[in-house]
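J.: Quick one: the structure is below, questions incoming.
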Amino acid sequence: MEDNPLTVPEEAAPARRGAELAVLLAVWAVAAVVVCVAAFDVVSPRRFVDEFLYWALAKNIAAGDGASWRGASLGVGSWLYPVVIAPAFKLAGSVSAQYELVKAINAALICAVVFPVYVGARWFVTQRLALVAAAFAIAVPALNYAGIVGTESLAYPLATAAFVAMLNALARPGVRPAAWAVGLTLVALLVRIQFALLVPIFAMTLLLVAAMREPGTRVAYLREQRALITMLGSIVVLAVLYVIVRGSASLGIYAAVFHQGPLTLDAVWFWLKAFSADVYLLCGIVPAIATFGLFGSRANRRDPLIGSLAALALVAALAFVAQMTWFSAITPFHWREQHIFYERYMFYLGPLFFIGLVASFGRVSWKAAAISLGLSMLIVSGMQSDAINVPFSIDAFGQAYLGFYLDQHDGLLPHIGMVLAGLTLILGLAYVAASLPESHEAARRWGRALAILLPLFVLVISQAKAWTYQQIYADSVRAREPSSLDWVARATQQPVAMLIASDSDPTTFYQSEFWNPNIERAYISKMPPVNSRIVYSPNCLLNVAPNGAIRAGIRPGCTTVPDAWLVESDSFSMHLRHESTRVNPSTGKKSTLMVSRGPAQVLSMIGGRNVATGLVERKLEVRTYSLAPGTVRIEALAPRGAAVIVNPNGAKTSLARGGRVTLEYAIRRGNQLTSWSVLGEDGGPSAIRVREIQIREGDGIWRSVR
């Protein structure tokens with residue numbers, strides 16, 4: 001058996017450590033290359049806001065504009081990840097090359113988790129078993145986040161490093177270990193505001209470790225930890241002052257959690273059971289059984305390292321479950337109904353259990369293993385089908401294979417808790433065998449091999465399935481984009497503004513902005529015929545003067561108005577008065593780029609008409625900004641059946657099926673909204689096809705605005 005680093009002769013230690021580092025570097029390099037290749041097959045970003053937020057921040061940091069998006073400084077506390085990926089925007093010239101380089105950086109970052117896991121495991125076990133723990137850490141399905149422009153790739157290794165440093169500080173009281181642990185905790189906080197949770201985890205674990213110490217030594221232990229207690233107390237005081245000064249803004253993009261729905265007992269119970277079960281699922285079940293089995297021995301609980309590891313794993317698991325239970329229970333977006341399960345906030349627990357698994361061999365009795373197995377079966381049976389998105393969710397990569405299996409066997413979905421309890425029993429029995437007395441050496445050896453290989457296999461196939469699903473999903477998103485992703489940048493070099501239309505999925509605009517660097521603004525409107533959806537990103541309010549001139553705003557990033565405008569909508573269109581360019585690319589979504597000669601002036605906005613087919617159901621709205629009294633002309637036909645068109649004055653025009661009609665309506669100078677209702681002969685809803693819409697200002701020419 002290899003030597004533990006704590007017992008290696010001093011003269012042999014440097015050579016041994018150098019060899020171990022070389023092996024570990026090789027593991028990291030191979031894993032990073034494999035993950036990088038898989039990430040390259042993710043051809044498009046697609047998460048709602050996160051990817052586009054961090055992409056914009058990194059791009060602007062690289063350009064020297066600070067942590068800003070669309071000209072507005074965001075003041076985000078979690079700025080470290082965009083800083084780390086910012087070099088990609090300096091090193092690569094095109095957006096596509098930058099995207100690939102960011103994914104390569106992600107792969108290198110997320111696979112770096114092997115280093116802190118190996119160091120932590122090496123305090124307990126031989127090099128071979130420490131490498132097993134490291135292998136578990138890079139087998140998790142969460143490595144799929146390397147294919148996403150998000151904080152997870154950096155947060156995973158940093159959170160693990162913080163946990164390992166905490167373990168060292170808890171087991172070895174002193175100023176230096178405490179400083180390392182607190183420092184790494186604060187660095188992790190710069191990646192994700194969520195990691196503010198690490199401070200109470202650290203403090204509560206310290207108290208639990210003290211409580212598990214031998215009677216008569218507990219107070220002495222806390223006295224030895226004076227430096228750590230002082231540091232943690234200082235952080236708490238500074239955090240309280242920071243929140244008092246900044247209020248909800250101190251939480252950055254998470255500030256909305258204090259403005260959510262009510263907390264109900266039913267929601268709390270559902271999510272508590274789901275996330276408690278996920279503690280086991282995210283690490284392959286057996287590592288959690290093994291780690292919690294360490295509590296079965298008084299010697300383990302009182303051991304400085306083993307007791308600290310077990311206590312830290314338990315407190316961290318309880319804290320993360322509580323955090324996500326609360327977060328999910330108060331959301332007004334009905335995550336349970338949509339089968340949204342935020343495992344991506346939980347997977348940081350995995351490395352603690354992977355270290356716990358290898359550390360537990362020879363330290364957990366078969367009785368303690370059996371008790372831990374029984375508790376795990378009870379907990380995982382609480383998982384319900386509402387927490388599973390079949391077959392796949394980008395927020396729960398760890399459920400990828402489970403979702404795939406349930407998709408193939410949908411009859412099992414209502415019994416998911418019992419299915420998982422059965423799987424837990426099968427995997428857990430291998431660990432019980434690994435914990436048998438030395439008199440059953442053959443069974444112990446086989447049990448240990450199975451306790452490692454079975455959960456490792458489960459994690460690897462889940463990661464592979466997650467990569468497959470993620471790549472398919474990205475392909476589907478990419479298929480909806482123009483063949484030339486940077487078509488806006490090719491059509492004009494001018495700054496471009498996007499108008500978020502009422503029926504627009506905001507992610508379609510994020511996609512266009514991602515691939516076209518000259519899209520610099522996003523505008524919303526609360527004025528018919530365009531009532532924008534909520535846009536969780538910096539935006540400007542559209543303010544149009546009576547003559548159609550678009551007014552500058554006072555918000556950061558809104559003080560200048562671009563001359564080029566992008567609209568992506570199936571049922572809304574806009575025309576500028578002096579268009580020099582109008583581009584409609586061939587794409588799965590209706591996109592229009594308008595470039596004005598001189599300052600942009602709006603001529604018309606049309607809502608309720610399908611831009612591709614001309615079909616109007618229920619109502620057509622036309623807003624005009626005429627420079628003189630004029631006329632709106634509409635050419636329509638009734639393709640589906642008889643219809644009645646009611647003009648803005650209430651006058652009715654009947655159309656037989658297949659009939660055609662040309663209608664005119666006088667408009668005044670300035671801003672005017674005209675609405676045309678479409679009814680059936682019985683007064684119910686109907687539809688017409690509007691082939692043409694024209695506007696004439698004064699005695700000028702007729703201009704088509706369809």
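By convention in this document, the chains of the structure tokens carry letters A, B, ... by their order, each chain's residues are numbered from 1, and ligands are numbered from 1 in the order they are shown.
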Give me the residues within 7 Å of range 454-467 of chain A as a PyMOL selection string, counting only C-alpha atoms and dropping any in the same chain fewer than 3 places off.
T.: chain A and resi 38+136+139-141+144+284-286+397-398+400-401+427+450-451+470-471
J.: I need the residues from that last selection saved to file as a compact mmCIF listing (two decimals), in the first residue's frame (with N, CA, C and O atoms), if you can.
T.:
# COMPACT_ATOMS: atom_id res chain seq x y z
N ALA A 38 -16.24 17.91 -26.27
CA ALA A 38 -17.69 17.79 -26.11
C ALA A 38 -18.35 19.16 -26.12
O ALA A 38 -19.42 19.35 -26.71
N PHE A 136 -14.10 10.82 -9.65
CA PHE A 136 -15.52 11.05 -9.37
C PHE A 136 -15.87 12.52 -9.65
O PHE A 136 -16.93 12.82 -10.22
N ALA A 139 -16.42 13.11 -13.20
CA ALA A 139 -17.39 12.22 -13.83
C ALA A 139 -18.81 12.77 -13.73
O ALA A 139 -19.70 12.28 -14.41
N VAL A 140 -19.00 13.78 -12.89
CA VAL A 140 -20.36 14.27 -12.65
C VAL A 140 -20.96 14.87 -13.92
O VAL A 140 -20.25 15.51 -14.71
N PRO A 141 -22.25 14.71 -14.12
CA PRO A 141 -22.91 15.30 -15.30
C PRO A 141 -22.78 16.82 -15.35
O PRO A 141 -22.88 17.41 -16.43
N ASN A 144 -21.11 19.33 -17.90
CA ASN A 144 -21.76 19.90 -19.07
C ASN A 144 -21.79 21.42 -19.03
O ASN A 144 -21.97 22.07 -20.06
N GLY A 284 -24.07 10.22 -7.13
CA GLY A 284 -24.09 8.79 -7.44
C GLY A 284 -24.49 7.92 -6.26
O GLY A 284 -24.20 6.72 -6.23
N ILE A 285 -25.14 8.46 -5.27
CA ILE A 285 -25.77 7.78 -4.13
C ILE A 285 -24.75 7.22 -3.13
O ILE A 285 -24.74 7.58 -1.95
N VAL A 286 -23.88 6.33 -3.57
CA VAL A 286 -22.97 5.64 -2.65
C VAL A 286 -22.05 6.60 -1.89
O VAL A 286 -21.87 6.45 -0.67
N PHE A 397 -28.55 18.68 -15.01
CA PHE A 397 -27.82 17.73 -15.84
C PHE A 397 -27.71 16.37 -15.16
O PHE A 397 -27.63 15.33 -15.81
N GLY A 398 -27.68 16.36 -13.82
CA GLY A 398 -27.54 15.11 -13.09
C GLY A 398 -28.72 14.17 -13.28
O GLY A 398 -28.61 12.98 -13.00
N ALA A 400 -30.08 13.62 -16.24
CA ALA A 400 -30.18 13.35 -17.68
C ALA A 400 -30.51 11.90 -17.98
O ALA A 400 -31.44 11.59 -18.74
N TYR A 401 -29.76 10.97 -17.38
CA TYR A 401 -30.03 9.57 -17.69
C TYR A 401 -31.34 9.12 -17.05
O TYR A 401 -32.09 8.32 -17.63
N LEU A 427 -27.18 -0.19 -5.13
CA LEU A 427 -25.86 0.43 -5.02
C LEU A 427 -25.35 0.41 -3.59
O LEU A 427 -24.16 0.17 -3.34
N LEU A 450 -17.09 -2.61 -6.30
CA LEU A 450 -18.42 -2.26 -6.80
C LEU A 450 -18.89 -0.91 -6.27
O LEU A 450 -19.57 -0.16 -6.98
N ALA A 451 -18.54 -0.60 -5.02
CA ALA A 451 -18.94 0.68 -4.43
C ALA A 451 -18.28 1.85 -5.14
O ALA A 451 -18.78 2.98 -5.09
N GLN A 470 -27.77 18.04 -24.50
CA GLN A 470 -27.40 19.45 -24.61
C GLN A 470 -27.04 19.81 -26.04
O GLN A 470 -27.42 20.88 -26.55
N GLN A 471 -26.33 18.94 -26.71
CA GLN A 471 -25.94 19.21 -28.09
C GLN A 471 -27.16 19.21 -29.02
O GLN A 471 -27.27 20.06 -29.92
J.: Each residue of range 108-147 of chain A lying at most 12 Å from range 169-186 of chain A should get a row with its shortest atom-to-atom pair and the distance in Å to one decimal, counting only C-alpha atoms; could you produce that, ordered by chain and increasing number, as JSON lines?
T.:
{"residue": "A:Pro116", "atom": "CA", "partner": "A:Leu184", "partner_atom": "CA", "distance": 11.6}
{"residue": "A:Gly120", "atom": "CA", "partner": "A:Ala171", "partner_atom": "CA", "distance": 11.9}
{"residue": "A:Trp123", "atom": "CA", "partner": "A:Ala171", "partner_atom": "CA", "distance": 10.9}
J.: Do you have, as CSV, the list of residues of range 80-182 of chain A lying at most 9 Å from range 308-331 of chain A, each with its nearest atom pair and that distance in Å to one decimal, counting only C-alpha atoms and ordered by chain then number?
T.:
residue,atom,partner,partner_atom,distance
A:Phe163,CA,A:Leu312,CA,8.0
A:Val164,CA,A:Leu309,CA,8.9
A:Met166,CA,A:Leu312,CA,8.3
A:Leu167,CA,A:Ser308,CA,6.0
A:Asn168,CA,A:Ser308,CA,8.5
A:Leu170,CA,A:Ser308,CA,6.2
A:Ala171,CA,A:Ser308,CA,6.3
J.: Let me see the file: selected residues, N, CA, C and O atoms, as a PDB file, in the first residue's frame.
T.:
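Final file, out17.pdb:
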ATOM      1  N   PHE A 163     -14.131  24.457   0.379  1.00  0.00           N
ATOM      2  CA  PHE A 163     -14.520  23.368   1.293  1.00  0.00           C
ATOM      3  C   PHE A 163     -13.282  22.653   1.852  1.00  0.00           C
ATOM      4  O   PHE A 163     -13.209  22.343   3.044  1.00  0.00           O
ATOM      5  N   VAL A 164     -12.319  22.375   0.978  1.00  0.00           N
ATOM      6  CA  VAL A 164     -11.106  21.682   1.422  1.00  0.00           C
ATOM      7  C   VAL A 164     -10.324  22.560   2.398  1.00  0.00           C
ATOM      8  O   VAL A 164      -9.787  22.077   3.412  1.00  0.00           O
ATOM      9  N   MET A 166     -11.633  24.819   4.353  1.00  0.00           N
ATOM     10  CA  MET A 166     -12.409  24.786   5.598  1.00  0.00           C
ATOM     11  C   MET A 166     -12.062  23.543   6.403  1.00  0.00           C
ATOM     12  O   MET A 166     -11.877  23.596   7.627  1.00  0.00           O
ATOM     13  N   LEU A 167     -11.988  22.414   5.703  1.00  0.00           N
ATOM     14  CA  LEU A 167     -11.658  21.150   6.360  1.00  0.00           C
ATOM     15  C   LEU A 167     -10.308  21.242   7.059  1.00  0.00           C
ATOM     16  O   LEU A 167     -10.150  20.810   8.210  1.00  0.00           O
ATOM     17  N   ASN A 168      -9.342  21.834   6.390  1.00  0.00           N
ATOM     18  CA  ASN A 168      -8.015  21.989   6.978  1.00  0.00           C
ATOM     19  C   ASN A 168      -8.057  22.911   8.191  1.00  0.00           C
ATOM     20  O   ASN A 168      -7.429  22.640   9.228  1.00  0.00           O
ATOM     21  N   LEU A 170     -10.602  23.564  10.143  1.00  0.00           N
ATOM     22  CA  LEU A 170     -11.343  22.937  11.246  1.00  0.00           C
ATOM     23  C   LEU A 170     -10.498  21.897  11.963  1.00  0.00           C
ATOM     24  O   LEU A 170     -10.592  21.736  13.188  1.00  0.00           O
ATOM     25  N   ALA A 171      -9.669  21.175  11.201  1.00  0.00           N
ATOM     26  CA  ALA A 171      -8.866  20.102  11.792  1.00  0.00           C
ATOM     27  C   ALA A 171      -7.560  20.608  12.388  1.00  0.00           C
ATOM     28  O   ALA A 171      -7.015  19.993  13.310  1.00  0.00           O
TER      29      ALA A 171
END
J.: Record the distance separating CA of Val30 in chain A and CA of Val42 in chain A, expressed in Å with one decimal.
T.: 19.3 Å
J.: Find, counting only C-alpha atoms, the residue in A:Arg336, A:Arg623, A:Lys103, A:Arg298 that gets nearest to Val364 in chain A.
T.: A:Arg298
J.: With distances taken over only C-alpha atoms, which of A:Leu673, A:Ala638, A:Ile110, A:Leu352 is nearest to Ala656 in chain A?
T.: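 Checking each of A:Leu673, A:Ala638, A:Ile110, A:Leu352 against Ala656 in chain A, counting only C-alpha atoms, the winner is A:Ala638.
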J.: I need the alpha helix (DSSP H) residues of range 421-512 of chain A per DSSP on the backbone, written as a ChimeraX atom specification.
T.: /A:421-434,441-479,487-491,506-512
J.: Nearest residue to Tyr81 in chain A out of A:Ala104, A:Leu576, A:Val187, A:Val132, using only C-alpha atoms?
T.: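 Among the listed residues, A:Val187 lies closest to Tyr81 in chain A.
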J.: With only C-alpha atoms as the counted atoms, please give the residues lying no more than 10 Å from Ala135 in chain A, apart from itself and same-chain residues fewer than 4 positions off, as a PyMOL selection string.
T.: chain A and resi 27-28+31+111+113-114+117-118+129-131+139-140+354+456
J.: Create the file for the chosen residues now, containing N, CA and C atoms and written as a PDB file, in the first residue's frame.
T.:
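Result file follows (again_10.pdb):
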ATOM      1  N   VAL A  27      -4.017  13.921 -15.546  1.00  0.00           N
ATOM      2  CA  VAL A  27      -5.456  13.654 -15.417  1.00  0.00           C
ATOM      3  C   VAL A  27      -6.249  14.895 -15.786  1.00  0.00           C
ATOM      4  N   TRP A  28      -5.811  16.036 -15.259  1.00  0.00           N
ATOM      5  CA  TRP A  28      -6.515  17.295 -15.556  1.00  0.00           C
ATOM      6  C   TRP A  28      -6.471  17.607 -17.054  1.00  0.00           C
ATOM      7  N   ALA A  31      -8.728  15.187 -19.089  1.00  0.00           N
ATOM      8  CA  ALA A  31     -10.135  15.490 -18.835  1.00  0.00           C
ATOM      9  C   ALA A  31     -10.546  16.795 -19.508  1.00  0.00           C
ATOM     10  N   CYS A 111     -12.504  21.317 -14.971  1.00  0.00           N
ATOM     11  CA  CYS A 111     -11.739  20.099 -14.696  1.00  0.00           C
ATOM     12  C   CYS A 111     -10.657  20.331 -13.642  1.00  0.00           C
ATOM     13  N   VAL A 113     -11.115  21.056 -10.828  1.00  0.00           N
ATOM     14  CA  VAL A 113     -11.635  20.566  -9.551  1.00  0.00           C
ATOM     15  C   VAL A 113     -10.819  19.376  -9.051  1.00  0.00           C
ATOM     16  N   VAL A 114     -10.106  18.691  -9.944  1.00  0.00           N
ATOM     17  CA  VAL A 114      -9.326  17.526  -9.511  1.00  0.00           C
ATOM     18  C   VAL A 114      -8.253  17.916  -8.496  1.00  0.00           C
ATOM     19  N   VAL A 117      -9.798  18.413  -4.847  1.00  0.00           N
ATOM     20  CA  VAL A 117     -10.328  17.115  -4.410  1.00  0.00           C
ATOM     21  C   VAL A 117      -9.180  16.171  -4.064  1.00  0.00           C
ATOM     22  N   TYR A 118      -8.170  16.143  -4.902  1.00  0.00           N
ATOM     23  CA  TYR A 118      -7.031  15.264  -4.648  1.00  0.00           C
ATOM     24  C   TYR A 118      -6.323  15.652  -3.356  1.00  0.00           C
ATOM     25  N   LEU A 129      -6.339   5.972  -4.211  1.00  0.00           N
ATOM     26  CA  LEU A 129      -7.710   6.295  -3.822  1.00  0.00           C
ATOM     27  C   LEU A 129      -7.996   7.789  -3.961  1.00  0.00           C
ATOM     28  N   ALA A 130      -6.988   8.633  -3.759  1.00  0.00           N
ATOM     29  CA  ALA A 130      -7.186  10.069  -3.969  1.00  0.00           C
ATOM     30  C   ALA A 130      -7.502  10.352  -5.436  1.00  0.00           C
ATOM     31  N   LEU A 131      -6.859   9.598  -6.337  1.00  0.00           N
ATOM     32  CA  LEU A 131      -7.170   9.736  -7.756  1.00  0.00           C
ATOM     33  C   LEU A 131      -8.584   9.258  -8.065  1.00  0.00           C
ATOM     34  N   ALA A 139     -16.417  13.110 -13.202  1.00  0.00           N
ATOM     35  CA  ALA A 139     -17.393  12.217 -13.831  1.00  0.00           C
ATOM     36  C   ALA A 139     -18.807  12.769 -13.731  1.00  0.00           C
ATOM     37  N   VAL A 140     -19.004  13.783 -12.895  1.00  0.00           N
ATOM     38  CA  VAL A 140     -20.358  14.272 -12.649  1.00  0.00           C
ATOM     39  C   VAL A 140     -20.956  14.873 -13.917  1.00  0.00           C
ATOM     40  N   PHE A 354     -17.285  12.710  -2.433  1.00  0.00           N
ATOM     41  CA  PHE A 354     -16.280  11.878  -3.098  1.00  0.00           C
ATOM     42  C   PHE A 354     -15.069  11.671  -2.187  1.00  0.00           C
ATOM     43  N   LEU A 456     -19.659   5.340 -10.140  1.00  0.00           N
ATOM     44  CA  LEU A 456     -18.863   6.027 -11.154  1.00  0.00           C
ATOM     45  C   LEU A 456     -19.466   5.800 -12.538  1.00  0.00           C
TER      46      LEU A 456
END
J.: Which polymer residues have any atom within 10 Å of an atom of Ala396 in chain A, counting only C-alpha atoms, with same-chain residues fewer than 6 positions away left out, as a tab-separated table (two decimals) with N, CA and C atoms, in the first residue's frame?
T.:
chain	number	residue	atom	x	y	z
A	141	PRO	N	-22.25	14.71	-14.12
A	141	PRO	CA	-22.91	15.30	-15.30
A	141	PRO	C	-22.78	16.82	-15.35
A	142	ALA	N	-22.53	17.45	-14.20
A	142	ALA	CA	-22.43	18.91	-14.17
A	142	ALA	C	-21.26	19.43	-14.99
A	278	ASP	N	-31.94	14.79	-3.85
A	278	ASP	CA	-30.92	15.14	-4.84
A	278	ASP	C	-29.52	15.16	-4.24
A	282	LEU	N	-26.99	13.54	-6.91
A	282	LEU	CA	-25.96	14.32	-7.61
A	282	LEU	C	-24.56	13.73	-7.47
A	340	ILE	N	-39.26	22.36	-13.35
A	340	ILE	CA	-37.95	23.01	-13.27
A	340	ILE	C	-37.33	22.68	-11.93
A	341	PHE	N	-36.16	22.06	-11.98
A	341	PHE	CA	-35.49	21.60	-10.77
A	341	PHE	C	-34.06	22.13	-10.80
A	342	TYR	N	-33.75	23.07	-9.90
A	342	TYR	CA	-32.46	23.77	-9.96
A	342	TYR	C	-31.35	22.99	-9.26
A	343	GLU	N	-31.01	21.86	-9.83
A	343	GLU	CA	-29.89	21.09	-9.31
A	343	GLU	C	-28.57	21.82	-9.52
A	344	ARG	N	-28.53	22.72	-10.47
A	344	ARG	CA	-27.27	23.41	-10.75
A	344	ARG	C	-26.82	24.26	-9.58
A	345	TYR	N	-27.68	24.51	-8.62
A	345	TYR	CA	-27.29	25.21	-7.40
A	345	TYR	C	-26.78	24.24	-6.33
A	346	MET	N	-26.87	22.95	-6.60
A	346	MET	CA	-26.60	21.94	-5.57
A	346	MET	C	-25.34	21.12	-5.82
A	347	PHE	N	-24.89	21.02	-7.06
A	347	PHE	CA	-23.88	20.01	-7.38
A	347	PHE	C	-22.52	20.29	-6.75
A	387	ALA	N	-40.64	17.00	-9.97
A	387	ALA	CA	-39.28	17.54	-9.93
A	387	ALA	C	-38.41	16.99	-11.06
A	388	ILE	N	-38.98	16.17	-11.93
A	388	ILE	CA	-38.23	15.56	-13.03
A	388	ILE	C	-38.74	16.14	-14.34
A	389	ASN	N	-37.84	16.69	-15.13
A	389	ASN	CA	-38.21	17.18	-16.45
A	389	ASN	C	-37.80	16.12	-17.46
A	403	GLY	N	-33.97	11.01	-16.62
A	403	GLY	CA	-35.02	11.51	-17.51
A	403	GLY	C	-35.15	10.68	-18.76
A	466	ALA	N	-26.22	13.62	-20.86
A	466	ALA	CA	-26.44	15.06	-20.75
A	466	ALA	C	-25.77	15.81	-21.90
J.: With only C-alpha atoms as the atoms that count, which of A:Leu429, A:Lys273, A:Ser435, A:Arg302 lies nearest to Thr217 in chain A?
T.: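 The closest residue to Thr217 in chain A is A:Arg302.
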J.: Suppose you want the space between CA of Val488 in chain A and CA of Val616 in chain A; what is it in Å?
T.: 28.5 Å
J.: What lies within 10 Å of Pro200 in chain A using only C-alpha atoms, ignoring chain neighbours under 4 positions off, as a PyMOL selection string?
T.: chain A and resi 195-196+204-206+232+236+315-316+319
